[in-house]
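Student: First, the structure itself, so that you have it in front of you.
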Amino acid sequence: MSKKLSTEAYKGVRDFYPEDMAVQNQIFTIWRNVAEKFGYQEYNASVLEPADLYRAKSGEEIVNDQTYTFTDRGEREVTLRPEITPTVARMVAARKRELGYPLRWYSIPNLFRYEQPQRGRIREFWQLNVDIFGVDSLQAEIETIQMAYEITKAYGLTDADFEIRISSRKILNHITQTLFGLDFEKSQKLLKLTDKKNKLPTDVFTATAEGILGDVPEGKKIKQFLTLLNSQNFEEFTQNLQQSAEEHEGIRETREVLQALEKLGITNARFDQTLVRGSDYYTGIIFEVFDKNPLNRRSVFGGGRYDDLLDLFGGEKVPAVGFGAGDVIARDLLETYGKIVKPESSFPADIYICLMNKEVAEYAQDVAQALRGKGKRVALDYSFRKIGDQIKNANKIHIPNIICIGEEEVKTGNLKIKNLATGNEESYKL
RNA sequence: GUGGCUAUGGUGUAGCGGUUAGCACCAGAGUUUGUGGAACUCUUAGUUCGGGUUCGACUCCCGAUAGCCACCCCA
């Protein structure tokens, strides 16, 4: 024999044994139920996309370092999709004129990212993506946030376990560009820093911000910046923003969303000026669902408005709002909050037919087929072992009822369906 | 990409510079049992891989690989 093959899965990807698949299906069911409850249609696409699709939006560096990209035999550069938003944007743009708006679409794609695996981050994962196209108004944001809220509740979290953080790119850009007069590049830098505020020591954060703002002599900007970031709530923030605050679009929108959510009974939404999100394509409201449990402390959902993304494909604008939710964190949450459905309750079959010897095989097949005709799921044991061993096997693979077939049953046609858990017997005649 | 920790039968683990590498579960064989999630007996199977130090390495050192954690990044 030559070198033995490893039984391990490829780095950063998972095998789904039946018990893992059961959990995966449980998660997908939660996602599908909520998406369809809100009238969303499912779509999908190939995992392969031309590399240019991601270069256009994310830049060369991200494509080279963080995706699986290769050259095919026709010299085309191909990437395993690291997200599906560019794909859905492409699909919508391709049929822009013939699709009816508002367009509500969802998908559960597997995505690939070439990263160092760690808790909550692996190389292949599944993600629910929900997008609504063609809605200018804030109703789109409100609706998708409501969906994120419902899914989080379905994971088993209570309102106190998580919070919905809401921010606005319009406000953030207003601060960096209008208020502080930063150019695009510096603005991006400051926003990235803002996103990390809670992770960095205060003095490091302040020093770095000062460097970007570059007003060392007076220090007026940095003072104002810190005041804004340290605002305890939305009202305090708007007051600190002063002058044009009331008229500013971002402020108005954020207030409207917060109020609408409260009216819907969603009380754990709050404004968070340090929420930025990595993606450059967001144009308005952005939001995240955040688990407050110290075990997770991670973003469960993230999304926002991206009105300009479809411009990449030319033609007129299509406004869009969407969010994504990963299966890895969903699994962690279901585990944390004890919502995993035990595999014992998901039987592969209803009835297990135990054969005493080879002679009864044909008869047993007939019985099985008759029961299947009545909508029962039936599996047979072909080992012809001792009846005790066959029952043991039925228990191991979680089949609740058995029928034993030997010479006597074939002769008389009297069958007994026995429930292994309760011991109850039910007569059955073929 | 960088750093820290880890790696023992299929699974979970114990242990040691010289041991027949121990235990539990699982699996397999057999005995008993026509209805029981059974009992009893026996068996198989392991030091991740590649170097080095040593009389001798599962044990110590280096490298690779994989896992966990953190950084980076996070679409």
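Each chain in the structure tokens gets a letter, A, B, ..., in the order shown, and its residues are numbered from 1; ligands are numbered from 1 in order too.
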Wanna dump the chain A-chain B contacts at 10 Å for me, each residue with its shortest atom pair and the distance in Å to one decimal, counting only C-alpha atoms (C1' of nucleotides), ordered by chain and number, as a tab-separated table?

Tutor:
```
residue	atom	partner	partner_atom	distance
A:Ser6	CA	B:U48	C1'	9.8
A:Glu8	CA	B:A66	C1'	8.4
A:Ala9	CA	B:A66	C1'	9.7
A:Tyr10	CA	B:A66	C1'	9.3
A:Lys11	CA	B:A66	C1'	7.5
A:Gly12	CA	B:G67	C1'	9.8
A:Tyr54	CA	B:A75	C1'	9.1
A:Lys57	CA	B:A75	C1'	9.1
A:Ser58	CA	B:A75	C1'	7.3
A:Ile62	CA	B:A75	C1'	9.0
A:Asp65	CA	B:G1	C1'	8.9
A:Gln66	CA	B:C73	C1'	8.6
A:Pro82	CA	B:A75	C1'	7.3
A:Glu83	CA	B:A75	C1'	6.3
A:Ile84	CA	B:A75	C1'	9.1
A:Thr85	CA	B:A75	C1'	8.5
A:Pro86	CA	B:A75	C1'	9.4
A:Arg113	CA	B:A75	C1'	9.8
A:Glu115	CA	B:C73	C1'	8.5
A:Gln116	CA	B:G1	C1'	9.0
A:Pro117	CA	B:G67	C1'	9.5
A:Gln118	CA	B:C69	C1'	7.3
A:Arg119	CA	B:C69	C1'	8.0
A:Arg121	CA	B:C74	C1'	9.5
A:Arg277	CA	B:C74	C1'	9.0
A:Gly278	CA	B:C74	C1'	6.9
A:Ser279	CA	B:A75	C1'	5.8
A:Asp280	CA	B:A75	C1'	8.8
A:Tyr281	CA	B:A75	C1'	9.5
A:Met356	CA	B:G34	C1'	9.9
A:Lys386	CA	B:U33	C1'	9.3
A:Ile387	CA	B:G34	C1'	7.8
A:Gly388	CA	B:G36	C1'	7.0
A:Ile391	CA	B:G37	C1'	7.6
A:Lys392	CA	B:G37	C1'	6.3
A:Asn393	CA	B:G37	C1'	9.3
A:Ala394	CA	B:G37	C1'	8.8
A:Asn395	CA	B:G37	C1'	6.1
A:Lys396	CA	B:G37	C1'	8.6
A:Ile402	CA	B:U35	C1'	9.4
A:Ile403	CA	B:U35	C1'	9.6
A:Cys404	CA	B:U35	C1'	8.3
A:Gly406	CA	B:G34	C1'	9.5
A:Lys418	CA	B:U35	C1'	8.3
A:Leu420	CA	B:G37	C1'	7.1
A:Ala421	CA	B:G37	C1'	7.9
A:Gly423	CA	B:U35	C1'	8.9
```

Student: In range 128-220 of chain A, what's strand (DSSP E or B) per DSSP? Answer as a list in words?

Tutor: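 Everything in range 128-220 of chain A that counts as strand (DSSP E or B) is Leu128, Asn129, Val130, Asp131, Ile132, Phe133, Phe162, Glu163, Ile164, Arg165, Ile166, Ser167 and Ser168 of chain A.
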
Student: Keeping only N, CA and C atoms, write those residues as a JSON list (two decimals), in the first residue's frame.

Tutor:
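The resulting file, out_33.json, is reproduced below:
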```json
[["chain", "number", "residue", "atom", "x", "y", "z"],
["A", 128, "LEU", "N", -26.74, 33.71, 5.20],
["A", 128, "LEU", "CA", -28.02, 34.20, 4.69],
["A", 128, "LEU", "C", -27.81, 35.61, 4.18],
["A", 129, "ASN", "N", -28.24, 35.85, 2.94],
["A", 129, "ASN", "CA", -28.18, 37.20, 2.40],
["A", 129, "ASN", "C", -29.58, 37.65, 2.02],
["A", 130, "VAL", "N", -29.98, 38.77, 2.58],
["A", 130, "VAL", "CA", -31.31, 39.30, 2.31],
["A", 130, "VAL", "C", -31.13, 40.68, 1.69],
["A", 131, "ASP", "N", -31.75, 40.90, 0.55],
["A", 131, "ASP", "CA", -31.63, 42.21, -0.10],
["A", 131, "ASP", "C", -32.97, 42.66, -0.64],
["A", 132, "ILE", "N", -33.19, 43.98, -0.54],
["A", 132, "ILE", "CA", -34.39, 44.56, -1.13],
["A", 132, "ILE", "C", -33.94, 45.68, -2.07],
["A", 133, "PHE", "N", -34.41, 45.61, -3.32],
["A", 133, "PHE", "CA", -33.98, 46.56, -4.34],
["A", 133, "PHE", "C", -35.14, 47.46, -4.76],
["A", 162, "PHE", "N", -29.20, 40.79, 23.33],
["A", 162, "PHE", "CA", -28.52, 41.39, 22.19],
["A", 162, "PHE", "C", -28.99, 42.82, 21.99],
["A", 163, "GLU", "N", -28.28, 43.54, 21.12],
["A", 163, "GLU", "CA", -28.74, 44.87, 20.78],
["A", 163, "GLU", "C", -28.52, 45.12, 19.30],
["A", 164, "ILE", "N", -29.33, 46.00, 18.77],
["A", 164, "ILE", "CA", -29.21, 46.38, 17.37],
["A", 164, "ILE", "C", -28.55, 47.74, 17.32],
["A", 165, "ARG", "N", -27.39, 47.78, 16.71],
["A", 165, "ARG", "CA", -26.65, 49.04, 16.64],
["A", 165, "ARG", "C", -26.89, 49.68, 15.28],
["A", 166, "ILE", "N", -27.20, 50.95, 15.33],
["A", 166, "ILE", "CA", -27.54, 51.64, 14.10],
["A", 166, "ILE", "C", -26.68, 52.87, 13.93],
["A", 167, "SER", "N", -26.21, 53.07, 12.73],
["A", 167, "SER", "CA", -25.42, 54.26, 12.44],
["A", 167, "SER", "C", -25.74, 54.69, 11.02],
["A", 168, "SER", "N", -25.07, 55.74, 10.56],
["A", 168, "SER", "CA", -25.36, 56.25, 9.23],
["A", 168, "SER", "C", -24.08, 56.73, 8.58]]
```

Student: Could you give me, as a VMD selection string, the residues within 10 Å of Val328 in chain A, counting only C-alpha atoms (C1' of nucleotides) and dropping anything in the same chain fewer than 2 positions from it?

Tutor: chain A and resid 24 27 119 to 122 124 to 127 300 325 to 326 330 to 333

Student: Output the selection as a PDB file, in the first residue's frame - C-alpha atoms for each residue.

Tutor:
```pdb
ATOM      1  CA  GLN A  24     -27.248  23.193   9.640  1.00  0.00           C
ATOM      2  CA  ILE A  27     -30.398  27.114  10.954  1.00  0.00           C
ATOM      3  CA  ARG A 119     -13.266  31.125  16.458  1.00  0.00           C
ATOM      4  CA  GLY A 120     -16.170  32.203  14.327  1.00  0.00           C
ATOM      5  CA  ARG A 121     -14.078  32.458  11.185  1.00  0.00           C
ATOM      6  CA  ILE A 122     -13.307  29.673   8.772  1.00  0.00           C
ATOM      7  CA  GLU A 124     -15.947  28.051   3.853  1.00  0.00           C
ATOM      8  CA  PHE A 125     -19.164  29.150   5.481  1.00  0.00           C
ATOM      9  CA  TRP A 126     -22.792  29.702   4.643  1.00  0.00           C
ATOM     10  CA  GLN A 127     -24.453  33.046   4.907  1.00  0.00           C
ATOM     11  CA  VAL A 300     -24.500  38.363  14.402  1.00  0.00           C
ATOM     12  CA  ALA A 325     -25.789  36.504   8.646  1.00  0.00           C
ATOM     13  CA  GLY A 326     -23.281  33.691   8.970  1.00  0.00           C
ATOM     14  CA  ALA A 330     -25.663  31.052  14.275  1.00  0.00           C
ATOM     15  CA  ARG A 331     -24.396  27.646  15.386  1.00  0.00           C
ATOM     16  CA  ASP A 332     -22.499  29.192  18.304  1.00  0.00           C
ATOM     17  CA  LEU A 333     -25.618  31.047  19.378  1.00  0.00           C
TER      18      LEU A 333
END
```

Student: Fewer than 4 positions away in the same chain doesn't count, so skip those; otherwise give me all residues within 12 Å of His248 in chain A, counting only C-alpha atoms (C1' of nucleotides), as JSON, numbers by chain.

Tutor: {"A": [168, 170, 171, 172, 173, 174, 175, 178, 238, 241, 242, 243, 244, 252, 253, 254, 255]}

Student: Write the selection just made, keeping C-alpha atoms, as a PDB file, in the first residue's frame?

Tutor:
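As written to disk, part_13.pdb reads:
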```
ATOM      1  CA  SER A 168     -25.358  56.252   9.232  1.00  0.00           C
ATOM      2  CA  LYS A 170     -24.207  60.061   5.855  1.00  0.00           C
ATOM      3  CA  ILE A 171     -23.584  61.247   9.394  1.00  0.00           C
ATOM      4  CA  LEU A 172     -20.087  59.779   9.501  1.00  0.00           C
ATOM      5  CA  ASN A 173     -19.141  61.342   6.190  1.00  0.00           C
ATOM      6  CA  HIS A 174     -20.653  64.636   7.281  1.00  0.00           C
ATOM      7  CA  ILE A 175     -18.384  64.674  10.300  1.00  0.00           C
ATOM      8  CA  THR A 178     -17.872  68.561   5.919  1.00  0.00           C
ATOM      9  CA  THR A 238     -27.248  65.473  17.911  1.00  0.00           C
ATOM     10  CA  LEU A 241     -23.212  68.081  16.537  1.00  0.00           C
ATOM     11  CA  GLN A 242     -24.844  71.506  16.954  1.00  0.00           C
ATOM     12  CA  GLN A 243     -25.761  73.913  14.166  1.00  0.00           C
ATOM     13  CA  SER A 244     -26.893  72.071  11.035  1.00  0.00           C
ATOM     14  CA  ARG A 252     -33.258  62.762  10.299  1.00  0.00           C
ATOM     15  CA  GLU A 253     -33.092  59.280   8.816  1.00  0.00           C
ATOM     16  CA  THR A 254     -31.521  57.732  11.877  1.00  0.00           C
ATOM     17  CA  ARG A 255     -34.150  59.256  14.131  1.00  0.00           C
TER      18      ARG A 255
END
```

Student: Name the residues of range 312-399 of chain A that come out as alpha helix (DSSP H) in a backbone DSSP run; write them as number ranges by chain.

Tutor: A: 327-336, 361-373, 387-396

Student: Leaving out G15 in chain B and any residue of its chain fewer than 4 positions from it, which residues lie within 12 Å of it when counting only C-alpha atoms (C1' of nucleotides), given as a list in words?

Tutor: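 Those residues are U8, U19, A21, G22, C23, U47, C58 and U59 of chain B.
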
Student: What lies within 10 Å of Ala364 in chain A using only C-alpha atoms (C1' of nucleotides), ignoring chain neighbours under 6 positions off, as an NGL selection string?

Tutor: :A and (353-355 or 358 or 370 or 380 or 403-406 or 409-410)

Student: At what distance in Å, to one decimal, does CA of Ala35 in chain A lie from CA of Ile266 in chain A?

Tutor: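 Separation between CA of Ile266 in chain A and CA of Ala35 in chain A: 18.2 Å.
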
Student: Just the residues within 12 Å of U11 in chain B, please, counting only C-alpha atoms (C1' of nucleotides), with nothing from its chain fewer than 4 positions along; format it as a list in words.

Tutor: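 After dropping sequence-adjacent residues, the list is A24, C25, C26 and A27 of chain B.
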
Student: Between A:Thr194, A:Ser427, A:Thr283, A:Ser383, single out the one closest to Leu309 in chain A, counting only C-alpha atoms.

Tutor: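 The answer is A:Thr283, which sits nearest to Leu309 in chain A.
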
Student: Expressed in Å to a single decimal, how great is the separation between CA of Ile351 in chain A and CA of Val23 in chain A?

Tutor: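 These two atoms are separated by 23.2 Å.
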
Student: Let me make sure I understand: among A:Thr227, A:Gln41, A:Gln239, A:Gln369, which one has the smallest atom-to-atom distance to Tyr106 in chain A if we use only C-alpha atoms?

Tutor: A:Gln41

Student: Using CA of Pro109 in chain A and CA of Gly303 in chain A as the two end points, give the distance in Å to one decimal.

Tutor: 16.3 Å
